file work-v9.tsv (TSV, C-alpha atoms)
chain	number	residue	atom	x	y	z
F	1	MET	CA	-0.13	147.44	30.84
F	2	SER	CA	0.27	145.25	27.77
F	3	GLN	CA	3.66	144.09	29.04
F	4	ARG	CA	2.48	143.55	32.63
F	5	LEU	CA	-0.47	141.45	31.48
F	6	GLY	CA	1.20	139.73	28.52
F	7	LEU	CA	-1.32	141.00	25.97
F	8	GLY	CA	1.29	141.08	23.19
F	9	LEU	CA	-0.31	144.11	21.53
F	10	ASP	CA	2.90	144.87	19.63
F	11	ALA	CA	2.09	141.89	17.40
F	12	SER	CA	-1.60	141.01	17.65
F	13	ASN	CA	-4.94	141.77	19.30
F	14	GLU	CA	-5.54	138.03	19.83
F	15	LEU	CA	-5.54	138.37	23.62
F	16	LEU	CA	-7.44	141.64	23.83
F	17	VAL	CA	-10.63	140.52	25.52
F	18	TYR	CA	-12.50	143.82	25.67
F	19	PRO	CA	-11.33	146.47	23.16
F	20	VAL	CA	-14.01	148.83	24.59
F	21	ILE	CA	-12.00	149.10	27.81
F	22	PHE	CA	-9.50	151.32	26.01
F	23	THR	CA	-11.90	154.26	25.83
F	24	PRO	CA	-12.05	154.82	29.61
F	25	LEU	CA	-8.44	153.64	29.88
F	26	ALA	CA	-7.29	156.42	27.53
F	27	TYR	CA	-9.06	158.96	29.75
F	28	VAL	CA	-7.38	157.56	32.86
F	29	TRP	CA	-3.93	157.53	31.21
F	30	LYS	CA	-4.34	161.16	30.12
F	31	HIS	CA	-5.34	162.16	33.65
F	32	LEU	CA	-2.39	160.31	35.19
F	33	ARG	CA	0.06	162.03	32.81
F	34	GLU	CA	-1.30	165.40	33.87
F	35	LEU	CA	-0.73	164.50	37.53
F	36	GLN	CA	2.98	163.85	36.82
F	37	LEU	CA	3.19	161.09	39.44
F	38	ASP	CA	6.58	159.98	40.73
F	39	HIS	CA	7.85	156.49	39.83
F	40	GLY	CA	6.42	154.77	42.91
F	41	ALA	CA	2.99	156.35	42.59
F	42	ARG	CA	2.81	155.61	38.85
F	43	SER	CA	3.80	151.99	39.44
F	44	ALA	CA	1.02	151.66	42.03
F	45	ALA	CA	-1.41	153.26	39.58
F	46	ASP	CA	-0.40	150.82	36.85
F	47	GLN	CA	-1.00	147.89	39.23
F	48	LYS	CA	-4.53	149.16	39.80
F	49	LEU	CA	-5.10	149.50	36.06
F	50	VAL	CA	-4.06	145.88	35.60
F	51	ARG	CA	-6.36	144.82	38.44
F	52	TRP	CA	-9.17	146.76	36.78
F	53	PHE	CA	-8.56	144.92	33.49
F	54	VAL	CA	-8.49	141.50	35.19
F	55	GLY	CA	-11.58	142.35	37.23
F	56	ALA	CA	-13.43	143.42	34.10
F	57	VAL	CA	-12.72	140.00	32.58
F	58	LEU	CA	-13.65	138.00	35.69
F	59	SER	CA	-16.90	139.93	36.11
F	60	ARG	CA	-17.62	140.03	32.34
F	61	ARG	CA	-18.14	143.72	32.91
F	62	TYR	CA	-18.09	144.88	29.31
F	63	GLN	CA	-20.46	142.32	27.81
F	64	GLN	CA	-23.54	144.50	28.35
F	65	SER	CA	-24.41	148.19	28.95
F	66	THR	CA	-20.96	149.10	27.70
F	67	HIS	CA	-21.41	152.86	27.36
F	68	ASP	CA	-22.75	153.33	30.89
F	69	LYS	CA	-19.90	151.28	32.38
F	70	GLN	CA	-17.28	153.17	30.35
F	71	ALA	CA	-18.62	156.47	31.65
F	72	ARG	CA	-18.65	155.31	35.27
F	73	ASP	CA	-15.27	153.62	35.12
F	74	LYS	CA	-13.36	156.56	33.70
F	75	THR	CA	-14.15	158.63	36.79
F	76	ASP	CA	-14.31	155.82	39.35
F	77	ILE	CA	-10.88	154.44	38.44
F	78	VAL	CA	-9.26	157.89	38.63
F	79	ARG	CA	-10.79	158.41	42.09
F	80	TRP	CA	-9.64	154.96	43.23
F	81	ILE	CA	-6.09	155.69	42.09
F	82	THR	CA	-5.84	159.23	43.43
F	83	GLU	CA	-7.87	158.99	46.66
F	84	GLY	CA	-7.09	155.50	47.93
F	85	ASP	CA	-8.42	151.97	48.31
F	86	GLU	CA	-11.46	153.07	50.30
F	87	PHE	CA	-12.77	154.20	46.91
F	88	THR	CA	-12.31	150.82	45.23
F	89	PRO	CA	-15.27	150.47	42.83
F	90	GLU	CA	-18.01	148.38	44.42
F	91	TRP	CA	-18.23	145.99	41.47
F	92	MET	CA	-14.55	145.10	41.89
F	93	SER	CA	-15.04	144.30	45.57
F	94	GLU	CA	-17.86	141.96	44.55
F	95	THR	CA	-15.85	140.16	41.85
F	96	TYR	CA	-14.66	136.64	42.62
F	97	ILE	CA	-12.61	133.97	40.88
F	98	SER	CA	-15.38	131.78	39.52
F	99	ASN	CA	-16.42	129.93	36.37
F	100	ILE	CA	-12.82	129.14	35.47
F	101	ARG	CA	-12.92	125.34	35.45
F	102	SER	CA	-15.22	125.06	32.43
F	103	ALA	CA	-13.98	128.20	30.65
F	104	ASP	CA	-13.67	128.04	26.87
F	105	PRO	CA	-10.18	128.64	25.41
F	106	ASP	CA	-11.47	131.46	23.19
F	107	GLY	CA	-13.73	133.07	25.76
F	108	ALA	CA	-12.79	135.99	27.99
F	109	ILE	CA	-11.32	133.82	30.74
F	110	GLY	CA	-9.42	131.64	28.26
F	111	LYS	CA	-7.77	134.68	26.70
F	112	LEU	CA	-6.90	136.04	30.13
F	113	PHE	CA	-5.22	132.74	31.05
F	114	ARG	CA	-3.16	132.83	27.85
F	115	ALA	CA	-2.18	136.43	28.57
F	116	ILE	CA	-1.00	135.39	32.03
F	117	LEU	CA	1.10	132.60	30.50
F	118	ASN	CA	2.37	135.00	27.83
F	119	SER	CA	3.70	137.32	30.52
F	120	ARG	CA	5.81	134.49	32.03
F	121	GLY	CA	8.34	134.15	29.19
F	122	ILE	CA	7.13	130.69	28.19
F	123	LYS	CA	9.19	128.44	25.89
F	124	ASP	CA	8.44	125.73	23.37
F	125	PRO	CA	8.97	122.23	24.87
F	126	LEU	CA	10.88	121.02	21.79
F	127	SER	CA	12.90	123.98	20.55
F	128	GLY	CA	13.27	125.86	23.84
F	129	LYS	CA	12.47	129.10	21.97
F	130	ASP	CA	10.14	131.82	23.21
F	131	VAL	CA	6.50	131.25	22.28
F	132	GLY	CA	3.22	133.07	22.76
F	133	VAL	CA	2.01	136.37	21.36
F	134	GLY	CA	4.51	139.14	20.65
F	135	SER	CA	6.90	140.43	18.03
F	136	ASP	CA	9.84	138.72	19.75
F	137	LYS	CA	8.22	135.26	19.89
F	138	MET	CA	8.11	132.36	17.46
F	139	PRO	CA	4.88	131.86	15.46
F	140	SER	CA	2.79	129.98	17.98
F	141	ALA	CA	-0.37	127.90	18.26
F	142	LYS	CA	-2.77	127.01	21.05
F	143	HIS	CA	-2.03	123.41	21.93
F	144	HIS	CA	-4.34	121.06	23.80
F	145	ILE	CA	-2.02	119.50	26.37
F	146	TRP	CA	-4.31	116.46	26.45
F	147	PRO	CA	-5.13	116.40	22.71
F	148	SER	CA	-8.79	116.37	21.72
F	149	ARG	CA	-8.24	113.56	19.21
F	150	TRP	CA	-6.20	111.36	21.52
F	151	ILE	CA	-8.33	111.80	24.62
F	152	GLN	CA	-11.43	110.32	22.98
F	153	HIS	CA	-9.81	106.89	23.37
F	154	LEU	CA	-9.10	107.40	27.07
F	155	LYS	CA	-10.58	104.83	29.44
F	156	GLY	CA	-13.92	106.08	30.74
F	157	TRP	CA	-14.15	109.01	28.32
F	158	GLU	CA	-17.71	109.74	27.19
F	159	LYS	CA	-17.86	111.54	23.87
F	160	GLY	CA	-20.52	114.23	23.95
F	161	THR	CA	-20.38	114.48	27.76
F	162	ASP	CA	-16.72	114.96	28.59
F	163	ASN	CA	-14.88	117.91	27.10
F	164	ALA	CA	-11.15	118.46	26.56
F	165	ASN	CA	-11.57	121.85	24.88
F	166	LEU	CA	-10.99	123.77	28.09
F	167	ALA	CA	-8.93	126.87	28.77
F	168	LEU	CA	-7.17	124.92	31.51
F	169	ASN	CA	-5.99	122.38	28.90
F	170	ILE	CA	-4.21	124.93	26.68
F	171	MET	CA	-0.57	125.94	26.33
F	172	TYR	CA	1.34	127.85	23.65
F	173	VAL	CA	3.81	125.94	21.49
F	174	GLU	CA	5.40	126.54	18.12
F	175	GLU	CA	3.12	125.78	15.19
F	176	GLY	CA	5.29	122.84	14.16
F	177	THR	CA	5.20	121.37	17.67
F	178	ASN	CA	1.43	121.63	17.75
F	179	GLY	CA	1.14	119.78	14.44
F	180	ARG	CA	3.53	117.10	15.66
F	181	TRP	CA	1.61	116.53	18.91
F	182	LEU	CA	-2.00	116.65	17.68
F	183	ASN	CA	-2.60	113.02	18.60
F	184	ASN	CA	0.14	112.33	21.17
F	185	ASP	CA	-0.23	111.06	24.73
F	186	PRO	CA	1.00	113.80	27.12
F	187	ARG	CA	3.62	111.30	28.34
F	188	ASP	CA	4.94	110.89	24.80
F	189	GLN	CA	5.08	114.67	24.41
F	190	ILE	CA	7.21	115.00	27.52
F	191	ASN	CA	9.45	112.09	26.56
F	192	GLU	CA	10.11	113.66	23.17
F	193	SER	CA	10.92	116.96	24.89
F	194	ILE	CA	13.44	115.19	27.12
F	195	LYS	CA	15.01	113.49	24.13
F	196	VAL	CA	15.33	116.74	22.15
F	197	LEU	CA	16.32	119.09	24.97
F	198	GLY	CA	18.55	116.48	26.59
F	199	SER	CA	17.52	117.07	30.20
F	200	GLU	CA	14.40	116.17	32.15
F	201	ALA	CA	15.21	118.95	34.63
F	202	MET	CA	15.13	121.43	31.75
F	203	VAL	CA	11.83	120.01	30.48
F	204	ARG	CA	10.26	120.23	33.94
F	205	GLU	CA	11.36	123.87	34.09
F	206	VAL	CA	9.78	124.58	30.69
F	207	TYR	CA	6.49	123.05	31.80
F	208	ARG	CA	6.59	124.95	35.11
F	209	GLY	CA	6.77	128.12	33.04
F	210	HIS	CA	3.48	127.08	31.45
F	211	GLY	CA	1.92	126.77	34.90
F	212	ILE	CA	2.11	122.99	35.03
F	213	SER	CA	2.87	121.93	38.60
F	214	GLU	CA	4.98	118.95	39.61
F	215	ALA	CA	1.77	117.07	40.44
F	216	ALA	CA	0.27	117.90	37.03
F	217	TYR	CA	3.51	116.83	35.35
F	218	GLU	CA	3.43	113.48	37.13
F	219	ILE	CA	-0.17	112.92	36.03
F	220	MET	CA	0.90	113.58	32.43
F	221	MET	CA	3.68	111.02	32.82
F	222	LYS	CA	1.41	108.17	33.97
F	223	PRO	CA	1.77	105.27	31.48
F	224	GLU	CA	-1.90	104.27	31.72
F	225	LYS	CA	-4.40	107.08	32.09
F	226	THR	CA	-8.12	107.28	32.77
F	227	LYS	CA	-10.66	110.04	32.47
F	228	GLN	CA	-10.15	110.79	36.16
F	229	ASP	CA	-6.47	111.53	35.50
F	230	PHE	CA	-7.49	114.23	33.03
F	231	TYR	CA	-9.81	115.86	35.54
F	232	ASP	CA	-7.15	115.59	38.25
F	233	PHE	CA	-4.84	117.45	35.87
F	234	ILE	CA	-7.52	120.11	35.30
F	235	THR	CA	-7.85	120.52	39.07
F	236	GLU	CA	-4.12	121.22	39.28
F	237	GLN	CA	-4.39	123.77	36.48
F	238	GLU	CA	-7.38	125.39	38.14
F	239	SER	CA	-5.36	125.80	41.33
F	240	PHE	CA	-2.47	127.41	39.45
F	241	PHE	CA	-4.57	129.98	37.61
F	242	ALA	CA	-6.68	130.77	40.67
F	243	GLY	CA	-3.42	131.47	42.49
F	244	GLN	CA	-2.34	133.80	39.70
F	245	LEU	CA	-5.65	135.67	39.84
F	246	GLU	CA	-5.41	136.01	43.61
F	247	GLN	CA	-2.21	138.00	43.07
F	248	TYR	CA	-4.37	140.69	41.44
F	249	GLY	CA	-6.44	140.98	44.59
F	250	PHE	CA	-9.36	138.70	43.79
F	251	LYS	CA	-10.58	135.81	45.92
F	252	ARG	CA	-12.27	132.48	45.33
F	253	PRO	CA	-15.89	131.99	46.44
F	254	LEU	CA	-16.35	130.47	49.89
F	255	SER	CA	-18.57	127.79	48.34
F	256	SER	CA	-18.55	126.11	44.96
F	257	SER	CA	-22.30	126.79	44.83
F	258	GLU	CA	-21.37	130.38	43.94
F	259	ASP	CA	-19.80	129.11	40.72
F	260	GLU	CA	-22.60	129.92	38.30
F	261	ALA	CA	-22.99	128.67	34.75
F	262	LEU	CA	-21.00	130.50	32.10
F	263	ASP	CA	-22.72	133.22	30.13
F	264	ASP	CA	-23.54	132.40	26.52
F	265	ASP	CA	-21.03	135.05	25.41
F	266	GLU	CA	-18.28	133.14	27.17
F	267	ARG	CA	-18.67	130.04	25.00
call {"tool": "encode", "arguments": {"input": "work-v9.tsv", "output": "C-alpha cells"}}
result
Amino acid sequence: MSQRLGLGLDASNELLVYPVIFTPLAYVWKHLRELQLDHGARSAADQKLVRWFVGAVLSRRYQQSTHDKQARDKTDIVRWITEGDEFTPEWMSETYISNIRSADPDGAIGKLFRAILNSRGIKDPLSGKDVGVGSDKMPSAKHHIWPSRWIQHLKGWEKGTDNANLALNIMYVEEGTNGRWLNNDPRDQINESIKVLGSEAMVREVYRGHGISEAAYEIMMKPEKTKQDFYDFITEQESFFAGQLEQYGFKRPLSSSEDEALDDDER
C-alpha cells in the first residue's frame, strides 16, 4: 500500500497521516494472508485498502474516537473485501471530496496530496532527478510554487487576508532548488528550468508530473501577474487533485455549500 499511495515509508513517516490506521490494517492483512487469495483477488483487496486509507483522510476519520473506529474498521473492511461492495462501510459512502481548496500543506489533506505526487515518479525541474519521499529519491523539500515571500508583492495581494501557504501550492523539489527559488517568480523558475534542461517540452513534462496542467503552466508563465492569477492557478490545481481523488471512488459535493470549514486539527 505504501508504494501504491506513495507514502515512502522505506525512508520516512513524513507522509503517514494517521499512524493509528495500522492497527486495524495489520488485522486485515493477517486475515487476507490466511485466505490465500489469488493474484486478481488480492489486487482488488489492495485497491480497497488504499481507498479505505484515502477515505479515512478525506473524512478525518481518525481524529476522534480512535479506538472505537479501529475496532469497527477491522471487521467492516474484511467484510467489504470478502463479501462485496454491498457491504461498503456507510461512512465511506458518505465521504466526499471537500475542504481541499484551503487545505494546509502539513495537514491531513496536504500530506495526502504530496503522497499522490510522490507516487507519480516526480522529478526536480532543474536536475531532472527523482524527488519526493523514498530511499531512491534525492533529498527533497516542499516548495511553494508561488513563493510566499515573492507573492506578497503581487498586485492586489492583501497580507493577512490572502494566503499562499496552501497544499495546492506545493511541489517537491531538491533542497538546493528550493533554496534557489525561495523568492522567484514562477515564470523565472520555469525559464531557468528550460535553460538548464535545454528543452521546454521536457520542462512541461516535468511539471505535468507534478500535476500542473497546461493551463496552470500558462498562468505561471504570464509576465505580469495579479492576485487573481494565483487563485486561477489554485483552481487548476484543485481540479487536478479532485480528479485524482475521484479515481479512488470518491465524488465532489453537488454544491459548494457542502464544503465546510476545516477542522482545527487540519490547520
call {"tool": "atom_distance", "arguments": {"input": "work-v9.tsv", "atom1": "atom CA of Glu218 of chain F", "atom2": "atom CA of Tyr248 of chain F"}}
result
28.6 Å
call {"tool": "closest_atom_pairs", "arguments": {"input": "work-v9.tsv", "of": "segment 38-59 of chain F", "to": "segment 68-76 of chain F", "cutoff": "12 Å", "atoms": "all atoms listed in the file", "output": "Markdown table"}}
result
| residue | atom | partner | partner_atom | distance |
| --- | --- | --- | --- | --- |
| F:Lys48 | CA | F:Asp76 | CA | 11.8 |
| F:Leu49 | CA | F:Asp73 | CA | 11.0 |
| F:Trp52 | CA | F:Asp73 | CA | 9.3 |
| F:Phe53 | CA | F:Asp73 | CA | 11.1 |
| F:Ala56 | CA | F:Lys69 | CA | 10.3 |
call {"tool": "write_last_selection", "arguments": {"input": "work-v9.tsv", "atoms": "C-alpha atoms", "output": "PDB file, in the coordinates of the input"}}
result
ATOM      1  CA  LYS F  48      -4.530 149.160  39.800  1.00  0.00           C
ATOM      2  CA  LEU F  49      -5.100 149.500  36.060  1.00  0.00           C
ATOM      3  CA  TRP F  52      -9.170 146.760  36.780  1.00  0.00           C
ATOM      4  CA  PHE F  53      -8.560 144.920  33.490  1.00  0.00           C
ATOM      5  CA  ALA F  56     -13.430 143.420  34.100  1.00  0.00           C
TER       6      ALA F  56
END
call {"tool": "closest_atom_pairs", "arguments": {"input": "work-v9.tsv", "of": "segment 54-165 of chain F", "to": "segment 203-211 of chain F", "cutoff": "7 Å", "atoms": "only C-alpha atoms", "output": "JSON lines"}}
result
{"residue": "F:Leu117", "atom": "CA", "partner": "F:His210", "partner_atom": "CA", "distance": 6.1}
{"residue": "F:Arg120", "atom": "CA", "partner": "F:Gly209", "partner_atom": "CA", "distance": 6.5}
{"residue": "F:Ile122", "atom": "CA", "partner": "F:Gly209", "partner_atom": "CA", "distance": 5.5}
{"residue": "F:Lys123", "atom": "CA", "partner": "F:Val206", "partner_atom": "CA", "distance": 6.2}
{"residue": "F:Pro125", "atom": "CA", "partner": "F:Val206", "partner_atom": "CA", "distance": 6.3}
call {"tool": "closest_residue", "arguments": {"input": "work-v9.tsv", "among": "F:Pro223, F:Gly198, F:Gly160, F:Gly134", "to": "Asp10 of chain F", "atoms": "only C-alpha atoms"}}
result
F:Gly134
call {"tool": "residues_near_point", "arguments": {"input": "work-v9.tsv", "point": "(11.0, 120.8, 21.6)", "cutoff": "7 Å", "atoms": "only C-alpha atoms", "output": "PDB file with C-alpha atoms, in the coordinates of the input"}}
result
ATOM      1  CA  ASP F 124       8.440 125.730  23.370  1.00  0.00           C
ATOM      2  CA  PRO F 125       8.970 122.230  24.870  1.00  0.00           C
ATOM      3  CA  LEU F 126      10.880 121.020  21.790  1.00  0.00           C
ATOM      4  CA  SER F 127      12.900 123.980  20.550  1.00  0.00           C
ATOM      5  CA  GLY F 128      13.270 125.860  23.840  1.00  0.00           C
ATOM      6  CA  SER F 193      10.920 116.960  24.890  1.00  0.00           C
ATOM      7  CA  VAL F 196      15.330 116.740  22.150  1.00  0.00           C
ATOM      8  CA  LEU F 197      16.320 119.090  24.970  1.00  0.00           C
TER       9      LEU F 197
END
call {"tool": "residues_around", "arguments": {"input": "work-v9.tsv", "residues": "Glu14 of chain F", "least_positions_apart": "3", "cutoff": "12 Å", "atoms": "all atoms listed in the file", "output": "short mmCIF file (atom, residue, chain, number, x, y, z; two decimals) with C-alpha atoms, in the coordinates of the input"}}
result
data_model
loop_
_atom_site.label_atom_id
_atom_site.label_comp_id
_atom_site.auth_asym_id
_atom_site.auth_seq_id
_atom_site.Cartn_x
_atom_site.Cartn_y
_atom_site.Cartn_z
CA GLY F 6 1.20 139.73 28.52
CA LEU F 7 -1.32 141.00 25.97
CA GLY F 8 1.29 141.08 23.19
CA LEU F 9 -0.31 144.11 21.53
CA ASP F 10 2.90 144.87 19.63
CA ALA F 11 2.09 141.89 17.40
CA VAL F 17 -10.63 140.52 25.52
CA TYR F 18 -12.50 143.82 25.67
CA PRO F 19 -11.33 146.47 23.16
CA PRO F 105 -10.18 128.64 25.41
CA ASP F 106 -11.47 131.46 23.19
CA GLY F 107 -13.73 133.07 25.76
CA ALA F 108 -12.79 135.99 27.99
CA GLY F 110 -9.42 131.64 28.26
CA LYS F 111 -7.77 134.68 26.70
CA LEU F 112 -6.90 136.04 30.13
CA ARG F 114 -3.16 132.83 27.85
CA ALA F 115 -2.18 136.43 28.57
CA ASN F 118 2.37 135.00 27.83
CA GLY F 132 3.22 133.07 22.76
CA VAL F 133 2.01 136.37 21.36
CA GLY F 134 4.51 139.14 20.65
CA SER F 140 2.79 129.98 17.98
CA ALA F 141 -0.37 127.90 18.26
CA LYS F 142 -2.77 127.01 21.05
#
call {"tool": "atom_distance", "arguments": {"input": "work-v9.tsv", "atom1": "atom CA of Gly243 of chain F", "atom2": "atom CA of Thr66 of chain F"}}
result
28.9 Å
call {"tool": "atom_distance", "arguments": {"input": "work-v9.tsv", "atom1": "atom CA of Leu154 of chain F", "atom2": "atom CA of Thr226 of chain F"}}
result
5.8 Å
call {"tool": "closest_residue", "arguments": {"input": "work-v9.tsv", "among": "F:Met92, F:Met220, F:Leu182, F:Leu37", "to": "Arg61 of chain F", "atoms": "all atoms listed in the file"}}
result
F:Met92
call {"tool": "residues_near_point", "arguments": {"input": "work-v9.tsv", "point": "(-16.8, 142.8, 37.5)", "cutoff": "8 Å", "atoms": "only C-alpha atoms", "output": "ChimeraX atom specification"}}
result
/F:55-61,91-92,94-95
call {"tool": "closest_residue", "arguments": {"input": "work-v9.tsv", "among": "F:Asn178, F:Asn163, F:Ser119, F:Ser65", "to": "Ser102 of chain F", "atoms": "only C-alpha atoms"}}
result
F:Asn163
call {"tool": "closest_residue", "arguments": {"input": "work-v9.tsv", "among": "F:Ala216, F:Met221, F:Ala201, F:Glu158", "to": "Arg187 of chain F", "atoms": "all atoms listed in the file"}}
result
F:Met221
call {"tool": "closest_residue", "arguments": {"input": "work-v9.tsv", "among": "F:Gln237, F:Asn183, F:Ser213, F:Ser98", "to": "Ala167 of chain F", "atoms": "only C-alpha atoms"}}
result
F:Gln237
call {"tool": "closest_residue", "arguments": {"input": "work-v9.tsv", "among": "F:Met202, F:Ile100, F:Val173, F:Leu245", "to": "Lys137 of chain F", "atoms": "all atoms listed in the file"}}
result
F:Val173
call {"tool": "residues_around", "arguments": {"input": "work-v9.tsv", "residues": "Ser148 of chain F", "least_positions_apart": "5", "cutoff": "12 Å", "atoms": "all atoms listed in the file", "output": "VMD selection string"}}
result
chain F and resid 143 153 to 154 157 159 162 to 166 169 to 170 181 to 186 230
